[in-house]
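Trainee: my_file.csv is reproduced below (CSV, N, CA and C atoms).
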```csv
chain,number,residue,atom,x,y,z
B,357,MET,N,0.8,-1.2,0.0
B,357,MET,CA,0.0,0.0,0.0
B,357,MET,C,0.9,1.2,0.0
B,358,THR,N,0.6,2.2,-0.9
B,358,THR,CA,1.4,3.4,-0.9
B,358,THR,C,1.1,4.3,0.2
B,359,SER,N,2.0,5.2,0.5
B,359,SER,CA,1.8,6.1,1.7
B,359,SER,C,0.6,7.0,1.5
B,360,LYS,N,0.3,7.4,0.2
B,360,LYS,CA,-0.9,8.3,0.0
B,360,LYS,C,-2.2,7.5,0.3
B,361,VAL,N,-2.3,6.3,-0.1
B,361,VAL,CA,-3.5,5.5,0.1
B,361,VAL,C,-3.6,5.2,1.6
B,362,ALA,N,-2.5,4.9,2.3
B,362,ALA,CA,-2.5,4.7,3.7
B,362,ALA,C,-3.0,6.0,4.5
B,363,ALA,N,-2.5,7.1,4.0
B,363,ALA,CA,-2.8,8.4,4.7
B,363,ALA,C,-4.3,8.7,4.5
B,364,HIS,N,-4.8,8.4,3.2
B,364,HIS,CA,-6.2,8.6,2.9
B,364,HIS,C,-7.1,7.7,3.8
B,365,ARG,N,-6.8,6.5,3.9
B,365,ARG,CA,-7.5,5.5,4.8
B,365,ARG,C,-7.5,6.0,6.2
B,366,SER,N,-6.3,6.5,6.6
B,366,SER,CA,-6.2,6.9,8.0
B,366,SER,C,-7.2,8.1,8.3
B,367,GLN,N,-7.2,9.0,7.3
B,367,GLN,CA,-8.1,10.2,7.5
B,367,GLN,C,-9.6,9.7,7.5
B,368,GLN,N,-10.0,8.8,6.6
B,368,GLN,CA,-11.3,8.3,6.6
B,368,GLN,C,-11.7,7.6,8.0
B,369,ALA,N,-10.7,6.9,8.5
B,369,ALA,CA,-11.0,6.1,9.8
B,369,ALA,C,-11.2,7.1,10.9
B,370,THR,N,-10.5,8.2,10.9
B,370,THR,CA,-10.5,9.1,12.1
B,370,THR,C,-11.7,10.1,11.9
B,371,ARG,N,-12.3,10.2,10.8
B,371,ARG,CA,-13.4,11.1,10.6
B,371,ARG,C,-14.5,10.9,11.5
B,372,LEU,N,-14.8,9.6,11.9
B,372,LEU,CA,-16.0,9.3,12.7
B,372,LEU,C,-15.6,9.2,14.2
B,373,GLN,N,-14.3,9.3,14.5
B,373,GLN,CA,-13.9,9.2,15.9
B,373,GLN,C,-14.1,10.5,16.6
B,374,GLY,N,-14.1,10.4,17.9
B,374,GLY,CA,-14.3,11.6,18.7
B,374,GLY,C,-15.3,11.3,19.8
B,375,ASN,N,-15.6,12.4,20.5
B,375,ASN,CA,-16.5,12.3,21.6
B,375,ASN,C,-17.9,12.1,21.1
B,376,ILE,N,-18.6,11.0,21.4
B,376,ILE,CA,-19.9,10.8,20.9
B,376,ILE,C,-20.9,11.9,21.3
B,377,ALA,N,-20.7,12.4,22.5
B,377,ALA,CA,-21.6,13.5,23.0
B,377,ALA,C,-21.6,14.7,22.1
B,378,GLN,N,-20.5,15.0,21.5
B,378,GLN,CA,-20.4,16.1,20.6
B,378,GLN,C,-21.0,15.9,19.2
B,379,GLN,N,-21.2,14.6,18.9
B,379,GLN,CA,-21.7,14.3,17.5
B,379,GLN,C,-23.2,14.3,17.5
B,380,PHE,N,-23.9,14.0,18.6
B,380,PHE,CA,-25.3,14.1,18.7
B,380,PHE,C,-25.7,14.5,20.1
B,381,GLN,N,-27.0,15.0,20.1
B,381,GLN,CA,-27.5,15.5,21.4
B,381,GLN,C,-28.7,14.7,21.8
B,382,LEU,N,-28.7,14.2,23.0
B,382,LEU,CA,-29.9,13.6,23.6
B,382,LEU,C,-30.7,14.6,24.3
B,383,PHE,N,-32.0,14.5,24.2
B,383,PHE,CA,-32.9,15.5,24.8
B,383,PHE,C,-34.3,14.9,25.0
B,384,LYS,N,-35.0,15.5,25.9
B,384,LYS,CA,-36.4,15.1,26.2
B,384,LYS,C,-37.3,16.4,25.8
B,385,PRO,N,-38.1,16.2,24.8
B,385,PRO,CA,-39.0,17.4,24.5
B,385,PRO,C,-40.0,17.7,25.6
B,386,SER,N,-40.5,18.9,25.7
B,386,SER,CA,-41.3,19.3,26.8
B,386,SER,C,-42.6,18.5,26.9
B,387,ASN,N,-43.0,17.9,25.7
B,387,ASN,CA,-44.3,17.1,25.7
B,387,ASN,C,-44.1,15.6,25.8
B,388,SER,N,-42.8,15.2,26.2
B,388,SER,CA,-42.6,13.7,26.3
B,388,SER,C,-41.5,13.5,27.4
B,389,ASN,N,-41.6,12.3,28.0
B,389,ASN,CA,-40.6,11.9,29.0
B,389,ASN,C,-39.5,11.0,28.3
B,390,LYS,N,-39.8,10.6,27.1
B,390,LYS,CA,-38.9,9.7,26.4
B,390,LYS,C,-37.8,10.5,25.7
B,391,PHE,N,-36.6,9.9,25.6
B,391,PHE,CA,-35.5,10.5,25.0
B,391,PHE,C,-35.6,10.6,23.5
B,392,HIS,N,-35.0,11.7,22.9
B,392,HIS,CA,-34.9,11.9,21.5
B,392,HIS,C,-33.5,12.2,21.2
B,393,VAL,N,-33.1,12.1,19.9
B,393,VAL,CA,-31.7,12.5,19.5
B,393,VAL,C,-31.8,13.5,18.4
B,394,ARG,N,-30.8,14.4,18.3
B,394,ARG,CA,-30.7,15.3,17.2
B,394,ARG,C,-29.3,15.4,16.8
B,395,PHE,N,-29.1,15.4,15.5
B,395,PHE,CA,-27.8,15.5,14.9
B,395,PHE,C,-27.9,15.9,13.4
B,396,SER,N,-26.8,16.1,12.8
B,396,SER,CA,-26.7,16.5,11.4
B,396,SER,C,-26.0,15.3,10.6
B,397,ALA,N,-26.6,14.9,9.5
B,397,ALA,CA,-26.0,13.9,8.6
B,397,ALA,C,-26.3,14.2,7.2
B,398,GLY,N,-25.4,14.2,6.3
B,398,GLY,CA,-25.6,14.5,4.9
B,398,GLY,C,-26.2,15.9,4.7
B,399,GLY,N,-25.8,16.9,5.5
B,399,GLY,CA,-26.3,18.2,5.4
B,399,GLY,C,-27.7,18.5,5.8
B,400,ARG,N,-28.3,17.5,6.5
B,400,ARG,CA,-29.6,17.6,7.0
B,400,ARG,C,-29.7,17.5,8.5
B,401,GLN,N,-30.6,18.2,9.1
B,401,GLN,CA,-30.8,18.1,10.6
B,401,GLN,C,-31.8,17.0,10.8
B,402,ILE,N,-31.4,16.1,11.7
B,402,ILE,CA,-32.2,14.9,12.0
B,402,ILE,C,-32.6,14.9,13.4
B,403,ARG,N,-33.9,14.6,13.7
B,403,ARG,CA,-34.4,14.4,15.1
B,403,ARG,C,-35.2,13.1,15.0
B,404,LYS,N,-34.9,12.2,16.0
B,404,LYS,CA,-35.6,11.0,16.1
B,404,LYS,C,-36.0,10.7,17.5
B,405,ALA,N,-37.2,10.1,17.7
B,405,ALA,CA,-37.6,9.6,19.0
B,405,ALA,C,-36.9,8.3,19.2
B,406,LEU,N,-36.4,8.0,20.4
B,406,LEU,CA,-35.7,6.8,20.7
B,406,LEU,C,-36.5,5.8,21.4
B,407,GLY,N,-37.7,6.2,21.9
B,407,GLY,CA,-38.6,5.2,22.5
B,407,GLY,C,-38.2,4.7,23.9
B,408,THR,N,-37.4,5.3,24.6
B,408,THR,CA,-37.0,4.8,25.9
B,408,THR,C,-36.9,6.0,26.9
B,409,TYR,N,-37.1,5.6,28.2
B,409,TYR,CA,-37.0,6.5,29.3
B,409,TYR,C,-35.6,6.4,29.9
B,410,ASP,N,-34.9,5.3,29.7
B,410,ASP,CA,-33.6,5.1,30.3
B,410,ASP,C,-32.5,5.8,29.5
B,411,GLU,N,-31.7,6.6,30.2
B,411,GLU,CA,-30.7,7.4,29.6
B,411,GLU,C,-29.5,6.6,29.0
B,412,GLN,N,-29.1,5.5,29.6
B,412,GLN,CA,-28.0,4.6,29.1
B,412,GLN,C,-28.5,3.9,27.8
B,413,GLU,N,-29.7,3.4,27.8
B,413,GLU,CA,-30.3,2.8,26.7
B,413,GLU,C,-30.4,3.8,25.5
B,414,ALA,N,-30.8,5.0,25.9
B,414,ALA,CA,-31.0,6.1,24.9
B,414,ALA,C,-29.7,6.4,24.2
B,415,LYS,N,-28.6,6.4,25.0
B,415,LYS,CA,-27.2,6.7,24.4
B,415,LYS,C,-26.8,5.6,23.5
B,416,ARG,N,-27.1,4.4,23.8
B,416,ARG,CA,-26.8,3.2,23.0
B,416,ARG,C,-27.5,3.3,21.7
B,417,ILE,N,-28.8,3.5,21.8
B,417,ILE,CA,-29.7,3.6,20.6
B,417,ILE,C,-29.3,4.8,19.7
B,418,ALA,N,-29.0,5.9,20.4
B,418,ALA,CA,-28.7,7.2,19.6
B,418,ALA,C,-27.4,7.0,18.9
B,419,GLU,N,-26.4,6.3,19.5
B,419,GLU,CA,-25.2,6.1,18.8
B,419,GLU,C,-25.4,5.2,17.5
B,420,ARG,N,-26.2,4.2,17.6
B,420,ARG,CA,-26.5,3.3,16.5
B,420,ARG,C,-27.3,4.1,15.4
B,421,VAL,N,-28.3,4.9,15.8
B,421,VAL,CA,-29.0,5.7,14.8
B,421,VAL,C,-28.1,6.7,14.1
B,422,TYR,N,-27.2,7.3,14.9
B,422,TYR,CA,-26.3,8.3,14.3
B,422,TYR,C,-25.4,7.7,13.3
B,423,TYR,N,-24.8,6.6,13.6
B,423,TYR,CA,-23.8,6.0,12.6
B,423,TYR,C,-24.6,5.4,11.4
B,424,GLU,N,-25.8,4.8,11.6
B,424,GLU,CA,-26.5,4.3,10.5
B,424,GLU,C,-26.9,5.4,9.6
B,425,SER,N,-27.3,6.6,10.1
B,425,SER,CA,-27.6,7.8,9.3
B,425,SER,C,-26.4,8.3,8.6
B,426,LEU,N,-25.3,8.3,9.2
B,426,LEU,CA,-24.1,8.7,8.4
B,426,LEU,C,-23.8,7.8,7.3
B,427,ILE,N,-23.9,6.5,7.5
B,427,ILE,CA,-23.7,5.5,6.4
B,427,ILE,C,-24.7,5.7,5.3
B,428,LEU,N,-26.0,5.9,5.6
B,428,LEU,CA,-27.0,6.2,4.6
B,428,LEU,C,-26.7,7.5,3.8
B,429,ALA,N,-26.3,8.5,4.6
B,429,ALA,CA,-26.0,9.8,3.9
B,429,ALA,C,-24.9,9.7,3.0
B,430,GLU,N,-23.9,8.9,3.4
B,430,GLU,CA,-22.7,8.7,2.5
B,430,GLU,C,-23.1,7.9,1.2
B,431,GLN,N,-24.1,7.1,1.3
B,431,GLN,CA,-24.6,6.4,0.1
B,431,GLN,C,-25.6,7.2,-0.7
B,432,GLY,N,-25.8,8.4,-0.2
B,432,GLY,CA,-26.8,9.3,-1.0
B,432,GLY,C,-28.2,9.1,-0.6
B,433,VAL,N,-28.5,8.3,0.4
B,433,VAL,CA,-29.9,8.1,0.8
B,433,VAL,C,-30.2,9.1,1.9
B,434,ASP,N,-31.4,9.6,1.8
B,434,ASP,CA,-31.9,10.6,2.8
B,434,ASP,C,-31.9,10.0,4.2
B,435,ALA,N,-31.0,10.5,5.0
B,435,ALA,CA,-30.8,9.9,6.3
B,435,ALA,C,-32.0,10.1,7.3
B,436,ARG,N,-33.0,10.9,6.9
B,436,ARG,CA,-34.1,11.1,7.8
B,436,ARG,C,-35.0,9.9,7.9
B,437,GLY,N,-34.8,9.1,6.9
B,437,GLY,CA,-35.6,7.8,6.9
B,437,GLY,C,-36.1,7.5,5.5
B,438,LEU,N,-36.1,6.3,5.2
B,438,LEU,CA,-36.5,5.8,3.9
B,438,LEU,C,-37.8,4.9,4.1
B,439,THR,N,-38.9,5.4,3.5
B,439,THR,CA,-40.1,4.5,3.5
B,439,THR,C,-40.1,3.6,2.4
B,440,ILE,N,-40.9,2.6,2.5
B,440,ILE,CA,-41.0,1.6,1.4
B,440,ILE,C,-41.5,2.3,0.1
B,441,LYS,N,-42.4,3.2,0.3
B,441,LYS,CA,-43.0,3.9,-0.8
B,441,LYS,C,-41.9,4.8,-1.5
B,442,SER,N,-41.2,5.5,-0.7
B,442,SER,CA,-40.1,6.4,-1.4
B,442,SER,C,-39.0,5.6,-2.0
B,443,ALA,N,-38.7,4.4,-1.4
B,443,ALA,CA,-37.6,3.6,-2.0
B,443,ALA,C,-38.1,2.9,-3.2
B,444,SER,N,-39.4,2.5,-3.2
B,444,SER,CA,-40.0,1.9,-4.4
B,444,SER,C,-40.1,2.9,-5.6
B,445,GLU,N,-40.5,4.2,-5.2
B,445,GLU,CA,-40.6,5.2,-6.3
B,445,GLU,C,-39.2,5.5,-6.9
B,446,GLU,N,-38.2,5.6,-6.0
B,446,GLU,CA,-36.8,5.8,-6.5
B,446,GLU,C,-36.4,4.6,-7.4
B,447,TRP,N,-36.7,3.4,-7.0
B,447,TRP,CA,-36.3,2.2,-7.8
B,447,TRP,C,-37.0,2.2,-9.1
B,448,LEU,N,-38.3,2.6,-9.1
B,448,LEU,CA,-39.1,2.7,-10.3
B,448,LEU,C,-38.6,3.6,-11.4
B,449,LYS,N,-37.9,4.7,-10.9
B,449,LYS,CA,-37.4,5.7,-11.9
B,449,LYS,C,-36.3,5.1,-12.7
B,450,THR,N,-35.5,4.1,-12.2
B,450,THR,CA,-34.4,3.5,-12.9
B,450,THR,C,-34.7,2.1,-13.4
B,451,SER,N,-35.9,1.6,-13.1
B,451,SER,CA,-36.1,0.2,-13.5
B,451,SER,C,-36.5,0.1,-15.0
B,452,THR,N,-36.4,-1.1,-15.5
B,452,THR,CA,-36.8,-1.3,-17.0
B,452,THR,C,-38.0,-2.2,-17.1
B,453,LEU,N,-39.0,-1.9,-16.3
B,453,LEU,CA,-40.2,-2.7,-16.3
B,453,LEU,C,-41.0,-2.4,-17.6
B,454,THR,N,-41.8,-3.4,-18.1
B,454,THR,CA,-42.7,-3.1,-19.2
B,454,THR,C,-43.9,-2.4,-18.6
B,455,GLN,N,-44.7,-1.9,-19.5
B,455,GLN,CA,-45.9,-1.1,-19.0
B,455,GLN,C,-46.8,-1.9,-18.1
B,456,PRO,N,-47.2,-3.2,-18.5
B,456,PRO,CA,-48.0,-4.0,-17.6
B,456,PRO,C,-47.4,-4.2,-16.2
B,457,GLU,N,-46.0,-4.5,-16.2
B,457,GLU,CA,-45.3,-4.7,-15.0
B,457,GLU,C,-45.3,-3.4,-14.1
B,458,ARG,N,-45.1,-2.3,-14.8
B,458,ARG,CA,-45.1,-1.0,-14.1
B,458,ARG,C,-46.5,-0.7,-13.5
B,459,SER,N,-47.5,-1.0,-14.2
B,459,SER,CA,-48.9,-0.8,-13.7
B,459,SER,C,-49.2,-1.7,-12.5
B,460,ALA,N,-48.8,-2.9,-12.6
B,460,ALA,CA,-49.0,-3.8,-11.5
B,460,ALA,C,-48.2,-3.4,-10.3
B,461,PHE,N,-47.0,-3.0,-10.5
B,461,PHE,CA,-46.2,-2.5,-9.4
B,461,PHE,C,-46.8,-1.3,-8.7
B,462,GLU,N,-47.2,-0.3,-9.5
B,462,GLU,CA,-47.9,0.9,-9.0
B,462,GLU,C,-49.1,0.6,-8.2
B,463,ARG,N,-49.9,-0.4,-8.8
B,463,ARG,CA,-51.2,-0.7,-8.2
B,463,ARG,C,-51.1,-1.5,-6.9
B,464,TYR,N,-50.2,-2.5,-6.9
B,464,TYR,CA,-50.1,-3.4,-5.7
B,464,TYR,C,-49.0,-3.1,-4.7
B,465,ILE,N,-48.0,-2.4,-5.2
B,465,ILE,CA,-46.9,-2.1,-4.2
B,465,ILE,C,-47.1,-0.6,-3.7
B,466,LEU,N,-47.2,0.3,-4.7
B,466,LEU,CA,-47.3,1.7,-4.3
B,466,LEU,C,-48.7,2.1,-3.9
B,467,CYS,N,-49.7,1.3,-4.4
B,467,CYS,CA,-51.1,1.6,-4.1
B,467,CYS,C,-51.6,3.0,-4.6
B,468,VAL,N,-51.2,3.3,-5.8
B,468,VAL,CA,-51.6,4.5,-6.4
B,468,VAL,C,-52.8,4.4,-7.3
```
Show me this structure written as structure tokens.
Mentor:
Amino acid sequence: MTSKVAAHRSQQATRLQGNIAQQFQLFKPSNSNKFHVRFSAGGRQIRKALGTYDEQEAKRIAERVYYESLILAEQGVDARGLTIKSASEEWLKTSTLTQPERSAFERYILCV
């Protein structure tokens, strides 16, 4: 491995390192006792309910949600969440289905 490649991999590996608390924030909204998380991924602000009252469990879930969102954003997927309908619509744009196949897909999968 050349030194340039090794240096580049080293930079990629350290990009996600650091203090977890600085990468996302846990909070409880005024209308809920359950923890939520907020962070930025792929240039978008993301807030998600974590569904737990326990702070330690919330930190564990928040860390997983944060890194999953970073991976999705890196792949060009909207990190706020991908629904089956939006994923299907995206796939349909690039698919090579015949018209009858497309109609069946839209009727039974997308329910349009």
Trainee: Which of these, B:Leu448, B:Ala460, B:Ile417, B:Leu382, has the shortest distance to Phe395 in chain B once you count only N, CA and C atoms?
Mentor: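 Under the stated criterion, the closest residue is B:Leu382.
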Trainee: So, with all atoms listed in the file as the atoms that count, which of B:Ser396, B:Gln412, B:Lys404, B:Trp447 lies closest to Ser425 in chain B?
Mentor: B:Ser396
Trainee: Between atom C of Glu430 in chain B and atom C of Ala397 in chain B, what is the distance in Å, rounded to a tenth?
Mentor: 9.3 Å
Trainee: Given the choices B:Ser459, B:Gly398, B:Ser451, B:Pro385, which gets closest to Tyr423 in chain B if the distance is worked out from only C-alpha atoms?
Mentor: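 Among the listed residues, B:Gly398 lies closest to Tyr423 in chain B.
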Trainee: Just the number, please: distance in Å from CA of Lys441 in chain B to CA of Ala429 in chain B, one decimal.
Mentor: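 Those two atoms sit 18.6 Å apart.
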